[in-house]
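Asks: Got a file for you: input.txt, compact mmCIF, C-alpha atoms and all ligand atoms.
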```
# COMPACT_ATOMS: atom_id res chain seq x y z
CA ARG S 1115 -29.74 31.86 -285.33
CA THR S 1116 -32.12 34.81 -285.59
CA ILE S 1117 -35.48 34.84 -283.87
CA HIS S 1118 -38.77 34.85 -285.76
CA GLN S 1119 -40.55 38.12 -286.61
CA LYS S 1120 -43.34 37.23 -289.03
CA ALA S 1121 -44.38 34.34 -286.80
CA ARG S 1122 -45.27 36.97 -284.19
CA SER S 1123 -47.32 39.35 -286.39
CA THR S 1124 -50.38 40.38 -284.40
CA SER S 1125 -52.99 39.54 -287.01
CA TYR S 1126 -53.30 35.99 -288.27
CA PRO S 1127 -54.21 35.27 -291.92
CA GLY S 1128 -57.86 34.43 -292.53
CA SER S 1129 -58.84 34.97 -288.91
CA ASP S 1130 -59.85 37.65 -286.41
CA THR S 1131 -57.81 35.94 -283.70
CA LYS S 1132 -54.93 38.13 -282.54
CA ARG S 1133 -51.69 36.71 -281.23
CA THR S 1134 -50.67 37.36 -277.65
CA PHE S 1135 -47.79 39.84 -277.63
CA VAL S 1136 -44.29 38.38 -277.24
CA ASN S 1137 -41.28 40.74 -277.26
CA ASP S 1138 -37.84 39.81 -278.64
CA GLU S 1139 -36.45 38.81 -275.23
CA GLN S 1140 -39.46 36.61 -274.51
CA VAL S 1141 -39.12 34.50 -277.66
CA PRO S 1142 -36.70 31.79 -276.41
CA TRP S 1143 -38.44 29.12 -274.34
CA SER S 1144 -35.50 29.40 -271.93
CA SER S 1145 -36.39 33.00 -271.05
CA ASN S 1146 -38.51 33.36 -267.94
CA PHE S 1147 -42.10 34.37 -268.82
CA PRO S 1148 -44.38 32.81 -266.17
CA GLU S 1149 -47.47 34.84 -267.19
CA TYR S 1150 -47.24 33.64 -270.81
CA ASN S 1151 -50.75 32.61 -271.87
CA PRO S 1152 -50.95 32.43 -275.68
CA VAL S 1153 -54.27 32.58 -277.51
CA GLU S 1154 -55.36 29.23 -278.94
CA TYR S 1155 -56.34 28.93 -282.59
CA THR S 1156 -56.74 26.13 -285.12
CA ALA S 1157 -58.49 27.10 -288.36
CA PRO S 1158 -61.87 25.42 -289.04
CA VAL S 1159 -60.50 23.97 -292.29
CA VAL S 1160 -57.77 22.18 -290.31
CA LYS S 1161 -60.20 20.96 -287.64
CA LYS S 1162 -62.25 19.22 -290.33
CA GLN S 1163 -59.18 17.01 -290.74
CA PRO S 1164 -58.62 16.95 -294.52
CA VAL S 1165 -56.01 14.43 -295.82
CA TRP S 1166 -53.14 16.85 -295.20
CA ALA S 1167 -54.04 17.48 -291.55
CA ASP S 1168 -53.47 15.57 -288.31
CA ALA S 1169 -56.13 14.70 -285.77
CA ASP S 1170 -56.99 17.30 -283.15
CA ILE S 1171 -55.66 16.73 -279.66
CA GLY S 1172 -59.26 16.17 -278.53
CA ASN S 1173 -59.44 13.17 -280.87
CA SER S 1174 -57.20 11.35 -278.43
CA ALA S 1175 -56.72 7.89 -279.96
CA SER S 1176 -55.57 9.20 -283.38
CA PHE S 1177 -53.65 12.03 -281.77
CA ARG S 1178 -51.73 9.67 -279.50
CA SER S 1179 -50.65 7.54 -282.45
CA ILE S 1180 -48.54 10.45 -283.83
CA SER S 1181 -44.79 9.77 -283.43
CA PHE S 1182 -42.96 13.07 -283.07
CA ASN S 1183 -39.29 13.52 -284.04
CA LYS S 1184 -39.52 10.49 -286.35
CA VAL S 1185 -40.46 9.52 -289.85
CA ASP S 1186 -44.00 8.55 -288.92
CA GLY S 1187 -45.48 6.33 -291.60
CA LEU S 1188 -45.91 8.61 -294.63
CA VAL S 1189 -45.12 11.81 -292.75
CA ASN S 1190 -41.69 13.16 -291.92
CA ARG S 1191 -42.03 14.59 -288.41
CA GLN S 1192 -38.33 15.20 -287.99
CA SER S 1193 -37.12 18.78 -287.81
CA PHE S 1194 -34.06 20.12 -289.65
CA GLU S 1195 -33.43 22.10 -286.46
CA GLY S 1196 -32.80 18.97 -284.35
CA ILE S 1197 -34.94 17.26 -281.74
CA TYR S 1198 -37.85 19.48 -280.71
CA LYS S 1199 -39.32 19.37 -277.23
CA ILE S 1200 -42.73 17.97 -276.38
CA GLN S 1201 -44.61 19.79 -273.64
CA GLU S 1202 -47.99 18.61 -272.36
CA ARG S 1203 -48.06 16.21 -275.32
CA LEU S 1204 -47.55 19.01 -277.88
CA PRO S 1205 -44.43 19.79 -279.94
CA LEU S 1206 -42.73 23.12 -279.22
CA ASN S 1207 -41.62 25.56 -281.93
CA PRO S 1208 -37.79 25.22 -282.09
CA ILE S 1209 -37.26 29.01 -282.32
CA GLY S 1210 -39.54 29.87 -279.43
CA ARG S 1211 -42.81 31.56 -278.51
CA THR S 1212 -45.16 32.90 -281.18
CA GLY S 1213 -48.08 34.12 -279.04
CA MET S 1214 -50.41 31.42 -280.37
CA LYS S 1215 -51.00 27.78 -279.50
CA GLY S 1216 -52.82 25.20 -281.61
CA ARG S 1217 -52.05 24.77 -285.32
CA GLY S 1218 -53.52 27.89 -286.91
CA LEU S 1219 -53.68 27.19 -290.63
CA LEU S 1220 -51.09 24.42 -290.57
CA GLY S 1221 -52.16 20.81 -290.85
CA LYS S 1222 -49.42 19.03 -288.96
CA TRP S 1223 -48.43 19.29 -285.32
CA GLY S 1224 -44.70 20.07 -285.27
CA PRO S 1225 -42.83 20.62 -288.55
CA ASN S 1226 -44.81 21.17 -291.76
CA HIS S 1227 -42.38 20.42 -294.56
CA ALA S 1228 -42.25 22.45 -297.78
CA ALA S 1229 -39.90 22.79 -300.75
CA ASP S 1230 -38.87 26.02 -302.53
CA PRO S 1231 -37.58 25.91 -306.12
CA ILE S 1232 -35.50 29.00 -306.90
CA VAL S 1233 -35.26 29.11 -310.70
CA THR S 1234 -32.76 31.72 -311.94
CA ARG S 1235 -31.35 33.23 -315.13
CA TRP S 1236 -29.20 36.28 -315.93
CA LYS S 1237 -30.98 39.46 -316.92
CA HIS S 1238 -30.26 40.31 -320.56
CA ASP S 1239 -30.81 43.49 -322.55
CA THR S 1240 -32.49 43.48 -325.97
CA SER S 1241 -29.16 42.83 -327.71
CA GLY S 1242 -28.59 39.76 -325.55
CA ASN S 1243 -25.93 41.19 -323.23
CA LYS S 1244 -25.96 40.63 -319.48
CA VAL S 1245 -27.28 43.62 -317.57
CA ILE S 1246 -24.73 44.92 -315.06
CA HIS S 1247 -25.91 46.91 -312.04
CA GLN S 1248 -24.53 50.44 -312.21
CA LEU S 1249 -23.47 50.63 -308.58
CA SER S 1250 -22.52 47.10 -307.56
CA LYS S 1251 -20.99 46.46 -311.04
CA LYS S 1252 -22.33 42.93 -310.83
CA PRO S 1253 -24.66 41.15 -313.27
CA ILE S 1254 -28.32 41.09 -312.27
CA LEU S 1255 -29.83 37.69 -311.56
CA GLN S 1256 -33.56 37.08 -311.99
CA PHE S 1257 -35.73 34.45 -310.32
CA VAL S 1258 -39.20 33.12 -311.07
CA ALA S 1259 -41.47 34.84 -308.55
CA ILE S 1260 -45.15 34.25 -307.92
CA GLN S 1261 -47.67 36.49 -306.20
CA ARG S 1262 -49.48 34.49 -303.54
CA ARG S 1263 -53.24 34.64 -303.53
CA ASP S 1264 -53.44 34.48 -299.71
CA THR S 1265 -51.30 37.46 -298.68
CA LYS S 1266 -50.69 39.09 -302.11
CA GLU S 1267 -46.97 39.03 -301.33
CA TRP S 1268 -44.42 37.97 -303.94
CA ALA S 1269 -42.69 34.70 -303.16
CA ILE S 1270 -40.75 31.70 -304.38
CA PRO S 1271 -43.26 29.23 -305.94
CA GLY S 1272 -42.91 26.73 -303.10
CA GLY S 1273 -45.36 24.34 -301.56
CA MET S 1274 -45.95 21.58 -299.08
CA VAL S 1275 -44.39 18.16 -299.36
CA ASP S 1276 -47.29 15.73 -299.81
CA ASN S 1277 -47.48 12.57 -297.68
CA ASN S 1278 -44.76 10.14 -298.77
CA GLU S 1279 -43.54 12.55 -301.48
CA ASN S 1280 -39.88 12.91 -302.30
CA VAL S 1281 -38.72 16.55 -301.96
CA SER S 1282 -37.20 16.46 -305.45
CA LEU S 1283 -40.68 15.77 -306.79
CA THR S 1284 -42.29 18.49 -304.63
CA LEU S 1285 -39.88 21.04 -306.12
CA LYS S 1286 -40.90 20.17 -309.69
CA ARG S 1287 -44.60 19.72 -308.95
CA GLU S 1288 -44.99 23.05 -307.14
CA PHE S 1289 -43.01 24.91 -309.80
CA GLY S 1290 -45.24 23.36 -312.46
CA GLU S 1291 -48.48 24.11 -310.61
CA GLU S 1292 -47.74 27.68 -309.51
CA ALA S 1293 -45.46 29.07 -312.23
CA LEU S 1294 -46.57 27.08 -315.31
CA ASN S 1295 -50.21 26.36 -314.42
CA SER S 1296 -49.65 22.65 -315.08
CA LEU S 1297 -52.91 21.70 -313.36
CA GLU S 1298 -54.92 23.34 -316.12
CA THR S 1299 -53.20 22.22 -319.29
CA THR S 1300 -53.99 19.37 -321.65
CA ASP S 1301 -52.24 16.02 -321.15
CA GLU S 1302 -50.07 16.73 -324.15
CA GLN S 1303 -48.95 20.17 -322.94
CA ARG S 1304 -48.35 18.73 -319.50
CA LYS S 1305 -46.02 16.08 -320.90
CA SER S 1306 -43.99 18.61 -322.83
CA LEU S 1307 -43.77 20.86 -319.75
CA ALA S 1308 -42.73 17.89 -317.62
CA THR S 1309 -39.85 17.11 -320.00
CA LYS S 1310 -38.62 20.71 -319.80
CA ILE S 1311 -38.92 20.78 -316.01
CA ASP S 1312 -37.10 17.45 -315.66
CA GLN S 1313 -34.26 18.80 -317.78
CA LEU S 1314 -33.92 22.05 -315.83
CA PHE S 1315 -34.34 20.39 -312.41
CA LYS S 1316 -31.71 17.69 -313.04
CA GLU S 1317 -29.04 19.74 -311.34
CA GLY S 1318 -29.82 21.88 -308.35
CA THR S 1319 -27.81 23.59 -305.63
CA GLN S 1320 -29.21 23.33 -302.13
CA ILE S 1321 -29.46 26.82 -300.66
CA TYR S 1322 -31.21 26.33 -297.36
CA LYS S 1323 -32.71 23.65 -295.18
CA GLY S 1324 -34.55 24.54 -291.97
CA TYR S 1325 -37.13 26.68 -290.20
CA VAL S 1326 -39.07 29.32 -292.15
CA ASP S 1327 -40.27 32.52 -290.49
CA ASP S 1328 -43.81 32.06 -291.82
CA HIS S 1329 -46.76 34.10 -290.53
CA ARG S 1330 -48.78 30.87 -290.12
CA ASN S 1331 -46.42 29.40 -287.50
CA THR S 1332 -47.61 28.77 -283.97
CA ASP S 1333 -46.06 27.44 -280.76
CA ASN S 1334 -47.00 23.90 -281.83
CA ALA S 1335 -46.85 23.93 -285.65
CA TRP S 1336 -44.34 25.56 -287.97
CA MET S 1337 -42.98 25.63 -291.53
CA GLU S 1338 -39.65 24.14 -292.57
CA THR S 1339 -38.28 24.02 -296.09
CA VAL S 1340 -35.60 22.80 -298.43
CA ALA S 1341 -34.75 25.59 -300.91
CA VAL S 1342 -32.91 24.56 -304.06
CA ASN S 1343 -31.52 26.77 -306.83
CA PHE S 1344 -31.94 25.65 -310.44
CA HIS S 1345 -29.88 28.00 -312.55
CA ASP S 1346 -30.12 28.46 -316.30
CA GLU S 1347 -26.75 29.94 -317.27
CA THR S 1348 -27.54 30.52 -320.96
CA GLY S 1349 -31.19 31.53 -320.63
CA GLU S 1350 -32.11 28.93 -323.20
CA SER S 1351 -34.04 26.48 -320.96
CA ALA S 1352 -35.72 28.13 -317.96
CA GLY S 1353 -35.41 31.46 -319.72
CA LYS S 1354 -37.82 30.23 -322.37
CA LEU S 1355 -40.43 28.57 -320.14
CA PRO S 1356 -44.02 29.71 -320.77
CA LEU S 1357 -44.73 31.30 -317.38
CA GLN S 1358 -48.38 31.22 -316.37
CA ALA S 1359 -49.66 31.56 -312.81
CA GLY S 1360 -51.73 28.72 -311.41
CA ASP S 1361 -53.12 27.12 -308.24
CA ASP S 1362 -52.32 29.30 -305.18
CA ALA S 1363 -50.41 31.83 -307.36
CA GLY S 1364 -52.21 34.83 -308.87
CA ASN S 1365 -49.30 36.24 -310.89
CA VAL S 1366 -45.88 35.10 -312.05
CA CYS S 1367 -42.84 36.93 -313.46
CA TRP S 1368 -39.06 37.01 -313.74
CA MET S 1369 -38.01 39.31 -310.89
CA ASP S 1370 -34.64 41.05 -310.47
CA ILE S 1371 -32.89 39.88 -307.31
CA ASP S 1372 -32.05 42.78 -305.01
CA ALA S 1373 -31.68 43.27 -301.25
CA ASP S 1374 -34.60 45.74 -301.27
CA LEU S 1375 -37.22 43.17 -302.34
CA ARG S 1376 -39.99 42.59 -299.80
CA LEU S 1377 -41.00 38.96 -300.05
CA TYR S 1378 -43.16 36.38 -298.32
CA ALA S 1379 -41.90 34.71 -295.11
CA SER S 1380 -38.08 34.53 -294.97
CA HIS S 1381 -37.64 34.02 -298.72
CA ILE S 1382 -35.32 37.03 -299.04
CA VAL S 1383 -32.74 35.17 -296.93
CA PHE S 1384 -32.63 32.34 -299.49
CA LEU S 1385 -32.21 34.81 -302.37
CA GLU S 1386 -29.31 36.54 -300.65
CA LYS S 1387 -27.52 33.20 -300.57
CA VAL S 1388 -28.28 32.55 -304.25
CA ALA S 1389 -26.91 36.00 -305.23
CA GLU S 1390 -23.81 35.27 -303.21
CA ILE S 1391 -23.01 31.87 -304.71
CA ARG S 1392 -23.72 33.09 -308.28
CA ASN S 1393 -21.69 36.26 -307.66
CA ALA S 1394 -24.66 38.35 -308.75
CA HIS S 1395 -25.81 41.84 -307.83
CA TRP S 1396 -27.30 42.06 -304.34
CA LYS S 1397 -26.91 45.56 -302.88
CA ALA S 1398 -26.16 48.94 -304.41
CA ASN S 1399 -22.99 49.27 -302.32
C1 LIG A 1 -43.29 28.94 -296.91
O1 LIG A 1 -44.58 28.54 -297.32
C2 LIG A 1 -42.35 28.00 -297.63
O2 LIG A 1 -41.08 28.59 -297.77
C3 LIG A 1 -43.06 27.75 -298.94
O3 LIG A 1 -42.71 28.74 -299.90
C4 LIG A 1 -44.54 27.93 -298.61
C5 LIG A 1 -45.33 26.65 -298.61
O4 LIG A 1 -46.68 26.87 -298.29
P1 LIG A 1 -47.82 27.01 -299.38
O5 LIG A 1 -47.26 27.78 -300.55
O6 LIG A 1 -48.20 25.62 -299.80
O7 LIG A 1 -48.91 27.75 -298.70
O8 LIG A 1 -43.15 28.85 -295.54
MG MG A 2 -48.82 24.96 -304.31
MG MG A 3 -47.37 27.45 -302.61
```
Step by step, read the file and then write its structure as structure tokens.

Replies:
Amino acid sequence: RTIHQKARSTSYPGSDTKRTFVNDEQVPWSSNFPEYNPVEYTAPVVKKQPVWADADIGNSASFRSISFNKVDGLVNRQSFEGIYKIQERLPLNPIGRTGMKGRGLLGKWGPNHAADPIVTRWKHDTSGNKVIHQLSKKPILQFVAIQRRDTKEWAIPGGMVDNNENVSLTLKREFGEEALNSLETTDEQRKSLATKIDQLFKEGTQIYKGYVDDHRNTDNAWMETVAVNFHDETGESAGKLPLQAGDDAGNVCWMDIDADLRLYASHIVFLEKVAEIRNAHWKAN
């Protein structure tokens, strides 16, 4: 598999801490790098230990009770990438070095599980015909994209799996919160939205399951996701949803899928797969 890039970006979101430089060859733990001495950083918000965060290593009794590589009470600490190594009591990023130890902005030591709902429809012109790309001669697929408030990048409206939450629920909840602003609607509106989401999310196609090249990753904490495509063939269900950005999303829109999009983390990789299985436009040639 490919090595991480964004997980080695020098600057770290919301912090002045700079990662220690790691070149491509130095990424795998198996490559010899005896002078490796990554900067340590755990964001103050994580250190305060909110409900979604683990104890700090200094808080030894609670830290020692964490069971890595297992479903640990309400938290799934298993990685989709297999068994991860533990070194000096800390889990090791399965892809390799990131130039930072600690947890950064991530709450959990080891894998931090998320879910990414990829809601798609075909692009139609004003007369209701599918729009075909002039060069690839393939129909253009659109997905519901949100603009993240943290990095301002466009992304799939994904989010973290809450403690004890089923991933199928995370997919619906995050789509509702970020793309339909479900947190700020009346009970009545919420119910009607929930019915529509349930209908659309009944049948999904799993696109990806595994490590995400997220700029928040560290040597000891990293993002993993399950990305699922919910496709509206006719444009009559998802196509008619009242999109409204909410929670950690600042904007929302139907975005044309194309290889040239620049998206958050490794989301473009998931969209390439969606375009492929739907036989949609991807590249001009
Ligand atoms: C990415 O971060 C995942 O693919 C998912 O889209 C997202 C989850 O984090 P938050 O949106 O909750 O910050 O790695
Ligand atoms: Mg969210
Ligand atoms: Mg999110």

Asks: One decimal, Å: what's the distance from CA of Arg1262 (chain S) over to CA of Lys1244 (chain S), could you say?

Replies: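 Taking CA of Arg1262 (chain S) as the start and CA of Lys1244 (chain S) as the end point, the length is 29.1 Å.
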
Asks: S:Lys1184, S:Arg1287, S:Lys1310, S:Arg1191: which is nearest ligand MG 2 (chain A), counting all atoms listed in the file?

Replies: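 That would be S:Arg1287, the residue with the smallest distance to ligand MG 2 (chain A).
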
Asks: Looking at S:Ala1359, S:Pro1127, S:Ala1394, S:Val1342, which one is nearest to Asp1264 (chain S), with distances taken over all atoms listed in the file?

Replies: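 Nearest to Asp1264 (chain S): S:Pro1127.
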
Asks: Between CA of Val1245 (chain S) and CA of Asp1346 (chain S), measure the distance and give it in Å to one decimal.

Replies: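 Value for the CA of Val1245 (chain S)-CA of Asp1346 (chain S) distance: 15.5 Å.
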
Asks: Rounded to one decimal place, report the CA of Phe1177 (chain S)-CA of Asp1276 (chain S) distance in Å.

Replies: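 Distance reported for this atom pair: 19.5 Å.
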
Asks: Which residue is closest to Pro1142 (chain S)? Choose from S:Val1258, S:Ala1228, S:Leu1206, S:Leu1377 and count all atoms listed in the file.

Replies: S:Leu1206

Asks: Using all atoms listed in the file, find the one residue out of S:Val1185, S:Ala1121, S:Val1326, S:Ile1254 that sits nearest to Glu1338 (chain S).

Replies: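 Comparing S:Val1185, S:Ala1121, S:Val1326, S:Ile1254 against Glu1338 (chain S), the winner is S:Val1326.
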
Asks: So which one's closest to ligand MG 3 (chain A), S:Ile1270, S:Asp1370, S:Lys1286, S:Ser1351? Using only C-alpha atoms and all ligand atoms, please.

Replies: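 Closest to ligand MG 3 (chain A) of all the choices is S:Ile1270.
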
Asks: If you count only C-alpha atoms and all ligand atoms, which residues end up within 7 Å of ligand MG 2 (chain A), as an MDAnalysis selection string?

Replies: chainID S and resid 1272:1274 1288 1291:1292 1361:1362

Asks: Identify which of the residues S:Arg1263, S:Ser1306, S:Ser1181, S:Trp1143 lies closest to Pro1356 (chain S), counting all atoms listed in the file when measuring atom-to-atom distances.

Replies: S:Ser1306

Asks: Compile the contact shell of region 1278-1283 of chain S as JSON, numbers by chain: residues with an atom at most 8 Å away, counting only C-alpha atoms, same-chain residues fewer than 4 positions apart removed.

Replies: {"S": [1188, 1189, 1229, 1287, 1340]}

Asks: Selection from above, C-alpha atoms, as a tab-separated table (two decimals), keeping the file's coordinate frame, can you write it?

Replies:
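That gives us out.tsv:
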```tsv
chain	number	residue	atom	x	y	z
S	1188	LEU	CA	-45.91	8.61	-294.63
S	1189	VAL	CA	-45.12	11.81	-292.75
S	1229	ALA	CA	-39.90	22.79	-300.75
S	1287	ARG	CA	-44.60	19.72	-308.95
S	1340	VAL	CA	-35.60	22.80	-298.43
```

Asks: Around ligand LIG 1 (chain A), with edges along x, y and z and 3 Å added on all six sides, what centre and edge lengths do you get, in Å to one decimal, as AutoDock Vina command-line options?

Replies:
```
--center_x -45.0 --center_y 27.3 --center_z -298.0 --size_x 13.8 --size_y 9.3 --size_z 11.0
```

Asks: Could you pull the residues within 9 Å of region 1152-1160 of chain S, counting only C-alpha atoms, minus those fewer than 4 positions along the same chain, as a PyMOL selection string?

Replies: chain S and resi 1128-1129+1131-1135+1164+1166-1170+1211-1221+1332-1333

Asks: Residues at most 12 Å from Asn1173 (chain S), counting all atoms listed in the file, excluding those fewer than 6 positions away in the same chain, as a list of chain:residue names?

Replies: S:Lys1161, S:Lys1162, S:Gln1163, S:Ser1179, S:Ile1180

Asks: What's around Met1369 (chain S) at 9 Å? Count only C-alpha atoms, leave out sequence neighbours fewer than 4 positions away in its own chain, and write the answer as a ChimeraX atom specification.

Replies: /S:1255-1259

Asks: Using the selection just defined, write its residues with C-alpha atoms as a PDB file, in the frame of the given file.

Replies:
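Generated file (selection.pdb):
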```pdb
ATOM      1  CA  LEU S1255     -29.830  37.690-311.560  1.00  0.00           C
ATOM      2  CA  GLN S1256     -33.560  37.080-311.990  1.00  0.00           C
ATOM      3  CA  PHE S1257     -35.730  34.450-310.320  1.00  0.00           C
ATOM      4  CA  VAL S1258     -39.200  33.120-311.070  1.00  0.00           C
ATOM      5  CA  ALA S1259     -41.470  34.840-308.550  1.00  0.00           C
TER       6      ALA S1259
END
```

Asks: Find the residues around Ala1293 (chain S) up to 8 Å (all atoms listed in the file counted), leave out those fewer than 6 positions away in its own chain, and share them as an MDAnalysis selection string.

Replies: chainID S and resid 1258:1260 1271 1357:1360 1363 1366

Asks: What are the closest atom pairs, with distances in Å to one decimal, for all residues of region 1169-1266 of chain S lying within 10 Å of region 1347-1350 of chain S? Consider only C-alpha atoms, order rows by chain and residue number, and present the result as a Markdown table.

Replies:
```
| residue | atom | partner | partner_atom | distance |
| --- | --- | --- | --- | --- |
| S:Thr1234 | CA | S:Glu1347 | CA | 8.2 |
| S:Arg1235 | CA | S:Gly1349 | CA | 5.8 |
| S:Trp1236 | CA | S:Glu1347 | CA | 6.9 |
| S:Lys1237 | CA | S:Gly1349 | CA | 8.8 |
| S:His1238 | CA | S:Gly1349 | CA | 8.8 |
| S:Gly1242 | CA | S:Gly1349 | CA | 9.9 |
```

Asks: Output as a PDB file, keeping the file's coordinate frame: region 1181-1195 of chain S, completed with N, CA and C atoms.

Replies:
```pdb
ATOM      1  N   SER S1181     -46.159   9.916-283.977  1.00  0.00           N
ATOM      2  CA  SER S1181     -44.790   9.770-283.430  1.00  0.00           C
ATOM      3  C   SER S1181     -43.950  10.978-283.783  1.00  0.00           C
ATOM      4  N   PHE S1182     -43.749  11.860-282.809  1.00  0.00           N
ATOM      5  CA  PHE S1182     -42.960  13.070-283.070  1.00  0.00           C
ATOM      6  C   PHE S1182     -41.470  12.750-283.158  1.00  0.00           C
ATOM      7  N   ASN S1183     -40.746  13.643-283.847  1.00  0.00           N
ATOM      8  CA  ASN S1183     -39.290  13.520-284.040  1.00  0.00           C
ATOM      9  C   ASN S1183     -38.883  12.260-284.790  1.00  0.00           C
ATOM     10  N   LYS S1184     -39.796  11.722-285.597  1.00  0.00           N
ATOM     11  CA  LYS S1184     -39.520  10.490-286.350  1.00  0.00           C
ATOM     12  C   LYS S1184     -40.141  10.600-287.728  1.00  0.00           C
ATOM     13  N   VAL S1185     -39.693   9.702-288.627  1.00  0.00           N
ATOM     14  CA  VAL S1185     -40.460   9.520-289.850  1.00  0.00           C
ATOM     15  C   VAL S1185     -41.608   8.615-289.427  1.00  0.00           C
ATOM     16  N   ASP S1186     -42.817   9.169-289.499  1.00  0.00           N
ATOM     17  CA  ASP S1186     -44.000   8.550-288.920  1.00  0.00           C
ATOM     18  C   ASP S1186     -44.896   8.063-290.054  1.00  0.00           C
ATOM     19  N   GLY S1187     -44.697   6.829-290.468  1.00  0.00           N
ATOM     20  CA  GLY S1187     -45.480   6.330-291.600  1.00  0.00           C
ATOM     21  C   GLY S1187     -45.142   7.134-292.844  1.00  0.00           C
ATOM     22  N   LEU S1188     -46.128   7.847-293.395  1.00  0.00           N
ATOM     23  CA  LEU S1188     -45.910   8.610-294.630  1.00  0.00           C
ATOM     24  C   LEU S1188     -45.484  10.048-294.361  1.00  0.00           C
ATOM     25  N   VAL S1189     -45.402  10.417-293.099  1.00  0.00           N
ATOM     26  CA  VAL S1189     -45.120  11.810-292.750  1.00  0.00           C
ATOM     27  C   VAL S1189     -43.779  11.967-292.052  1.00  0.00           C
ATOM     28  N   ASN S1190     -42.973  12.882-292.574  1.00  0.00           N
ATOM     29  CA  ASN S1190     -41.690  13.160-291.920  1.00  0.00           C
ATOM     30  C   ASN S1190     -41.909  14.173-290.796  1.00  0.00           C
ATOM     31  N   ARG S1191     -41.823  13.702-289.563  1.00  0.00           N
ATOM     32  CA  ARG S1191     -42.030  14.590-288.410  1.00  0.00           C
ATOM     33  C   ARG S1191     -40.717  14.973-287.756  1.00  0.00           C
ATOM     34  N   GLN S1192     -39.623  14.782-288.493  1.00  0.00           N
ATOM     35  CA  GLN S1192     -38.330  15.200-287.990  1.00  0.00           C
ATOM     36  C   GLN S1192     -38.117  16.659-288.382  1.00  0.00           C
ATOM     37  N   SER S1193     -37.410  17.380-287.517  1.00  0.00           N
ATOM     38  CA  SER S1193     -37.120  18.780-287.810  1.00  0.00           C
ATOM     39  C   SER S1193     -35.679  18.906-288.286  1.00  0.00           C
ATOM     40  N   PHE S1194     -35.433  19.824-289.232  1.00  0.00           N
ATOM     41  CA  PHE S1194     -34.060  20.120-289.650  1.00  0.00           C
ATOM     42  C   PHE S1194     -33.311  20.837-288.534  1.00  0.00           C
ATOM     43  N   GLU S1195     -34.039  21.330-287.549  1.00  0.00           N
ATOM     44  CA  GLU S1195     -33.430  22.100-286.460  1.00  0.00           C
ATOM     45  C   GLU S1195     -33.003  21.209-285.297  1.00  0.00           C
TER      46      GLU S1195
END
```
